[in-house]
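Visitor: Below is the structure I would like to discuss, written out as structure tokens.
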Amino acid sequence: MRAHAQAVIIGGGVIGCSILYHLTKLGWTDVVLLERNELTSGSTWHAAANIHGLHDNNNITRIQNYTMDLYNALEAETGQSCGVFQPGSLYLAQTEAREHQLRLQAAKAKYYGLKFHEVSRSEAEALHPLVNYDGIRCIMFEPSGGNVDPSGVTNAYAVGARQAGAEIIRFCPVTATEPQPDGSWIVRTEKGDIHTQWVVNAAGLWGREVAALAGLTLPLQPTEHQYFVTETIAEVAALDRRLPSVADRDGEYYLRQEGKGLLIGAYEKDMRFWAEDGTPLDFAHELFPDDLDRIEPNMMRAIDRVPAVGTAGIKRVINGPMIWSPDSNVLFGPVPELRNYFCCNGIIPGFSQSGGMGLLAADWIVTGETRYDMFAWDVARFGDWADAAFTKARVRDQYANRFKIHFPNEERAAGRGVRTRPAYAAQKDLGAVFGLNYGWEHPLYYGYPVGSVDETNGFTRQDWWTQVGEEARMLRARAGIIDISNFAKYRVKGTGAENWLNALFANTMPRIVGRSCLTPLIGVRGGIAGDFTVTRTAEDEFWIIGSGMAERYHQRFFNAVPLPEGTSFASLTKRICGFNVAGPASREMLQNLTNTSLAPADFPFMRSAWITVAGIKVLALRVSFTGDLGWELHCEERDQLVLFEALITAGEAVGAGPVGSRALMSLRIEKGYGSWGREYSPEYWPQEVGLDRLCKMDKDFLNKTAVMQTLAKPAREQLCILELDAAQTDASNADATGGEPVFSQGEPIGRVTSGAYGYGVGQSLALAFLRGAEPGQEVEVMVLGVPHKAVVLAEPPFDPSGARLRG
């Protein structure tokens with residue numbers, strides 16, 4: 001066993017072997033994989049190993065298709081069979097919502113050049129004659145769908161990695177991982193120690209235990225999962241071809257051919273946790289006792305759809321463990337609090353994602369950033385608030401509703417209430433319905449019975465659409481009070497604060513106390529890693545305000561620039577709360593609560609000051625994400641409730657009231673404002689989102705060389721604002737929400753990043769990245785997967801000159 005390595009991967013399942021293989025493809029051949037037992041031990045060996053390409057997240061669709069395309073090439077490269085069967089997959093829609101989902105996925109497939117299309121009932125019957133298609137509204141076919149051999153795929157990755165020089169050591173459990181002062185690690189085993197630059201935790205069922213060796217607690221929880229294989233079915237045996245798999249997700253089961261029988265798996269409501277206190281270290285290729293009674297409702301739905309299942313005996317039952325994250329997506333990426341420790345844990349559709357996961361992990365480790373924006377997978381999306389109770393509640397919900405559609409804007413109720421603010425009860429009394437943002441409860445909209453939870457059950461305009469409209473129109477006509485406490489807030493203090501911020505951010509920091517600026521944070525590849533408001537609050541002190549859900553993500557960038565001696569950095573997000581008071585009457589409303597003059601000459605746009613509002617000291621910033629006249633007021637958490645009640649009372653005098661984040665989404669789209677994670681992402685260049693003017697190239701800052709290279713190139717696409725045809729959106733009762741492809745004369749030219757109805761301007765709007773589009777050009781947006789006419793606007797429909805914002 002070598003004593004030194006560029007990376008040590010812990011875990012010999014399909015994911016660990018894929019990461020090892022892909023690291024060698026990027027030139028890292030001095031790499032080692034350690035497996036405590038045999039390769040594929042844990043959850044890999046007993047996986048059903050279905051593969052499919054389509055996902056609701058566009059970037060996950062891209063990496064799943066990469067994975068499916070890789071398997072045949074991997075076989076050819078290594079000579080190791082992956083057991084690839086690709087007879088295709090049939091996707092069935094029993095409900096209107098499922099039909100909308102499938103049609104939208106078909107539109108995305110067309111955009112990305114993938115094969116996924118609608119077939120008629122007669123075509124489907126020819127493809128799979130055993131299926132009863134009664135009651136099916138829509139049928140899609142994915143020709144490349146199918147399954148693979150779990151052991152074959154894992155060993156093919158291993159062979160390919162070994163051929164490139166990587167080392168795999170089996171029966172070698174890791175006993176310790178010790179960080180070194182230079183960021184490297186000592187990985188200790190009974191067979192010897194390895195000094196390595198990177199540790200990669202791909203330990204599968206033992207991900208929690210391996211993380212604990214480094215002092216980490218990962219939000220993971222294993223469950224039991226069952227599928228069974230039937231005896232030979234005469235109709236299957238009589239065929240001279242392999243049947244396509246069946247994705248009847250409304251029926252909550254999956255079904256495919258296995259040998260001359262069928263394999264049926266289920267995610268039952270009566271689920272079972274396993275190993276709640278830790279995965280046994282001596283567990284390897286064991287299974288749990290059969291418990292088919294639990295999945296009987298799912299089995300009966302499968303029999304109704306494929307009657308032959310009910311006539312066949314059961315040949316084999318697999319009841320084995322899987323390990324889940326709270327949202328069933330992988331915990332992926334470098335741990336922000338540690339140097340050079342990479343996680344890849346909690347993978348469910350491993351054989352659809354293994355290749356892409358290995359590719360992106362190698363990307364990140366070798367180059368410092370993935371080629372696609374994968375925040376949906378980033379381990380940083382959860383913080384220490386995601387405790388065991390939250391994790392179990394969310395995993396229970398994710399498992400039992402595995403095939404439930406994740407609708408745009410949907411908020412699930414499981415595990416809620418982990419982080420609340422002092423005003424929470426008062427907001428609830430006003431009929432607030434809450435959403436979850438990095439663990440914090442925040443109002444989505446108001447005016448519902450106390451205790452109501454979000455009911456978003458479709459792609460069309462939901463019940464809350466009218467209430468959100470009332471809030472948005474109230475703010476545009478008078479004023480509104482928006483809780484912005486979940487924004488991330490930081491303070492940098494000391495003699496080196498200004499220099500540190502200038503070395504971190506692309507814009508030049510304010511030189512005068514009371515001035516604010518907007519600034520991008522540049523990623524490793526020259527894209528937009530973040531957007532912030534920075535305010536100089538004293539000669540040696542600055543406040544930074546950014547995306548709340550990205551707080552842990554941005555920690556990686558803050559850590560990349562050493563703090564000067566005598567300078568401190570602190571997160572204030574827990575300690576500081578805030579409200580945005582905005583709208584044409586906001587000045588009048590606030591002036592009644594403060595002795596500080598808010599007149600335009602005394603408190604102009606992009607200025608700040610410590611003032612007293614309703615007897616409470618606040619940092620007031622003359623900015624507003626609504627695009628309207630407004631102030632952000634930031635106060636100590638202990639003062640939030642008193643400030644909220646004072647604002648509500650003052651608002652009544654001018655006809656103003658509370659406004660939730662759903663209305664804020666509509667308001668900022670009317671103004672054409674981008675949002676981190678949607679329009680601002682490491683994938684997008686500054687000149688593509690209009691932030692190039694904020695990149696000051698006369699100074700040095702983090703990743704300046706990368707952004708110089710991107711700024712030297714023409715924009716690949718441009719962020720545009722679209723107005724959708726009112727007759728069509730009203731007829732379909734739907735607006736764009738994000739992810740919809742955009743076509744021009746039948747050719748794909750872009751995709752929507754955000755969409756909403758603009759209540760203040762009476763238009764259905766969307767922000768989209770488009771290639772070669774001009775103002776006034778007519779395009780088609782695939783709302784609900786159906787073409788909706790739209791026109792590219794030359795400017796935002798609300799206050800394009802900024803007169804109200806600066807007034």
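Labeling convention for the structure tokens: chains A, B, ... as they appear, residues from 1 per chain, ligands from 1 in order of appearance.
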So which bits of stretch 11-144 of chain A end up helix (DSSP H, G or I) when you DSSP the backbone, as number ranges by chain?
Guide: A: 14-25, 58-78, 96-112, 121-127
Visitor: A:Val418: which residues within 12 Å, counting only C-alpha atoms, same-chain residues fewer than 2 positions away excluded, as an MDAnalysis selection string?
Guide: chainID A and resid 383:391 393:394 413:416 420:421 435:442
Visitor: Excluding A:Leu664 and its own-chain neighbours fewer than 4 positions away, which residues fall within 7 Å of it when counting only C-alpha atoms? Please give them as a PDB file with C-alpha atoms, in the first residue's frame.
Guide:
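Done, and the output landed in result-v4.pdb:
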```pdb
ATOM      1  CA  THR A 626     -38.946  44.748  -4.993  1.00  0.00           C
ATOM      2  CA  GLY A 660     -44.765  37.215   1.722  1.00  0.00           C
ATOM      3  CA  ARG A 668     -38.505  41.308  -8.522  1.00  0.00           C
TER       4      ARG A 668
END
```
Visitor: Just the residues within 7 Å of stretch 517-524 of chain A, please, counting only C-alpha atoms, with nothing from its chain fewer than 3 positions along; format it as a list in words.
Guide: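 My list of contacting residues is Gly368, Glu369, Phe505, Ala506, Asn507, Met509, Pro510, Gly527, Ile528, Ala529, Gly530, Asp531, Phe532, Thr533, Val534, Thr535, Pro682, Leu694, Leu702, Asn703 and Ala706 of chain A.
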Visitor: Tell me which protein, DNA and RNA residues are within 9 Å of A:Tyr399, counting only C-alpha atoms, leaving out same-chain ones fewer than 2 positions away, and put them as an mmCIF file with C-alpha atoms, in the first residue's frame.
Guide:
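Result file follows (result-v9.cif):
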```cif
data_model
loop_
_atom_site.group_PDB
_atom_site.id
_atom_site.type_symbol
_atom_site.label_atom_id
_atom_site.label_comp_id
_atom_site.auth_asym_id
_atom_site.auth_seq_id
_atom_site.Cartn_x
_atom_site.Cartn_y
_atom_site.Cartn_z
ATOM 1 C CA THR A 223 -34.226 2.616 5.504
ATOM 2 C CA TYR A 267 -41.820 2.705 -1.868
ATOM 3 C CA GLU A 268 -44.509 1.977 0.649
ATOM 4 C CA LYS A 269 -46.238 4.354 3.051
ATOM 5 C CA MET A 271 -41.812 2.425 5.696
ATOM 6 C CA TRP A 324 -31.129 8.792 2.403
ATOM 7 C CA SER A 328 -33.240 12.289 -1.324
ATOM 8 C CA ARG A 394 -37.868 14.308 5.982
ATOM 9 C CA VAL A 395 -36.544 10.862 5.065
ATOM 10 C CA ARG A 396 -39.846 9.297 6.093
ATOM 11 C CA ASP A 397 -41.661 11.761 3.837
ATOM 12 C CA ASN A 401 -43.638 9.840 -1.363
ATOM 13 C CA ARG A 402 -40.733 8.792 -3.550
ATOM 14 C CA PHE A 403 -42.734 9.118 -6.770
#
```
Visitor: May I have the residues within 9 Å of A:Ile512 as a VMD selection string, using only C-alpha atoms and disregarding those fewer than 4 positions away in the same chain?
Guide: chain A and resid 516 536 to 539
Visitor: Can you work out the spacing between atom CA of A:Thr67 and atom CA of A:Ala715 in Å, to one decimal?
Guide: 29.0 Å
Visitor: Near A:Leu667, within 12 Å and counting only C-alpha atoms, which residues show up once chain neighbours fewer than 2 positions away are dropped, as a short mmCIF file (atom, residue, chain, number, x, y, z; two decimals) with C-alpha atoms, in the first residue's frame?
Guide:
```cif
data_model
loop_
_atom_site.label_atom_id
_atom_site.label_comp_id
_atom_site.auth_asym_id
_atom_site.auth_seq_id
_atom_site.Cartn_x
_atom_site.Cartn_y
_atom_site.Cartn_z
CA VAL A 468 -50.24 36.62 -3.54
CA GLY A 469 -51.64 38.98 -6.16
CA GLU A 471 -50.18 41.42 -1.55
CA ALA A 472 -48.15 42.40 -4.61
CA ARG A 473 -50.71 44.96 -5.78
CA MET A 474 -50.97 46.39 -2.27
CA LEU A 475 -47.22 47.02 -2.16
CA ARG A 476 -47.15 48.57 -5.64
CA GLY A 480 -45.78 46.28 2.11
CA ILE A 482 -41.57 41.78 3.92
CA ALA A 582 -41.31 49.08 0.26
CA GLY A 583 -43.83 50.80 -1.95
CA SER A 624 -35.27 47.08 -2.08
CA PHE A 625 -35.41 43.78 -3.95
CA THR A 626 -38.95 44.75 -4.99
CA GLY A 627 -37.54 47.40 -7.36
CA ASP A 628 -39.70 49.99 -5.61
CA VAL A 659 -46.25 40.68 2.20
CA GLY A 660 -44.77 37.22 1.72
CA SER A 661 -41.91 35.88 -0.37
CA ARG A 662 -44.17 34.62 -3.17
CA ALA A 663 -45.21 38.20 -3.89
CA LEU A 664 -41.57 39.28 -3.66
CA MET A 665 -40.77 36.78 -6.43
CA ILE A 669 -39.31 39.62 -11.86
CA GLU A 670 -41.36 42.69 -12.90
CA LYS A 671 -38.15 44.65 -12.36
CA GLY A 672 -35.98 42.06 -14.10
CA TYR A 673 -33.87 41.41 -10.99
CA GLY A 674 -31.88 38.18 -10.92
CA SER A 754 -37.63 32.30 -13.11
CA GLY A 755 -41.24 32.99 -13.94
CA ALA A 756 -44.32 34.44 -12.30
CA TYR A 757 -47.36 36.55 -12.97
CA GLY A 758 -46.49 40.24 -12.66
CA TYR A 759 -49.51 41.45 -10.70
CA GLY A 760 -48.31 45.05 -10.67
CA VAL A 761 -48.08 45.22 -14.46
CA GLY A 762 -50.78 42.68 -15.37
CA GLN A 763 -48.43 40.44 -17.38
CA SER A 764 -47.22 36.86 -17.20
CA LEU A 765 -43.43 37.19 -17.16
CA ALA A 766 -40.32 35.07 -17.30
CA PRO A 796 -38.43 45.56 -17.50
CA PRO A 797 -42.15 46.38 -17.51
CA PHE A 798 -42.03 48.00 -14.06
CA ASP A 799 -40.25 51.32 -13.57
#
```
Visitor: In terms of the shortest atom-to-atom distance over only C-alpha atoms, which of A:Pro748, A:Gly566, A:Pro87, A:Gly526 is closest to A:Lys713?
Guide: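 Under the stated criterion, the closest residue is A:Gly526.
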Visitor: When you count only C-alpha atoms, which of these residues is closest to A:Lys493: A:Pro562, A:Gln467, A:Ser568, A:Tyr684?
Guide: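 Comparing A:Pro562, A:Gln467, A:Ser568, A:Tyr684 against A:Lys493, the winner is A:Ser568.
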Visitor: Go ahead and compute the interatomic distance for atom CA of A:Thr189 and atom CA of A:Met322, in Å to one decimal.
Guide: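 Interatomic distance here is 25.7 Å.
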Visitor: Could you tell me which of A:Thr95, A:Glu795, A:Arg170, A:Lys110 comes closest to A:Asn457 if we count only C-alpha atoms?
Guide: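 Ranked by minimum distance to A:Asn457, first place goes to A:Thr95.
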Visitor: Rank A:Asp540, A:Val492, A:Leu218, A:Asp304 by their smallest atom-to-atom distance to A:Phe569, using only C-alpha atoms, and report the top residue only.
Guide: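 When distances to A:Phe569 are compared using only C-alpha atoms, the smallest one comes from A:Val492.
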Visitor: State, in Å with one decimal place, the distance from atom CA of A:Val453 to atom CA of A:Gln427.
Guide: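 Pair atom CA of A:Val453 / atom CA of A:Gln427 returns 13.4 Å.
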Visitor: Check the DSSP output for the backbone and give back, as a compact mmCIF listing (two decimals) with C-alpha atoms, in the first residue's frame, the residues of stretch 442-484 of chain A in strand (DSSP E).
Guide:
```
# COMPACT_ATOMS: atom_id res chain seq x y z
CA HIS A 442 -40.40 32.47 6.61
CA PRO A 443 -43.80 33.75 5.42
CA LEU A 444 -44.77 32.78 1.88
CA TYR A 445 -48.10 34.61 1.96
CA GLY A 480 -45.78 46.28 2.11
CA ILE A 481 -43.75 44.74 4.93
CA ILE A 482 -41.57 41.78 3.92
CA ASP A 483 -39.65 39.63 6.41
```
Visitor: Taking into account only C-alpha atoms, which residue in the set A:Arg806, A:His225, A:Arg242, A:Arg301 is nearest to A:Asn319?
Guide: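 Closest candidate: A:His225.
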Visitor: Could you check the closest approach to A:Ser81 for each of A:Gln257, A:Ser325, A:Asn155, A:Gln105 and tell me which residue wins, using only C-alpha atoms?
Guide: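 The closest residue to A:Ser81 is A:Asn155.
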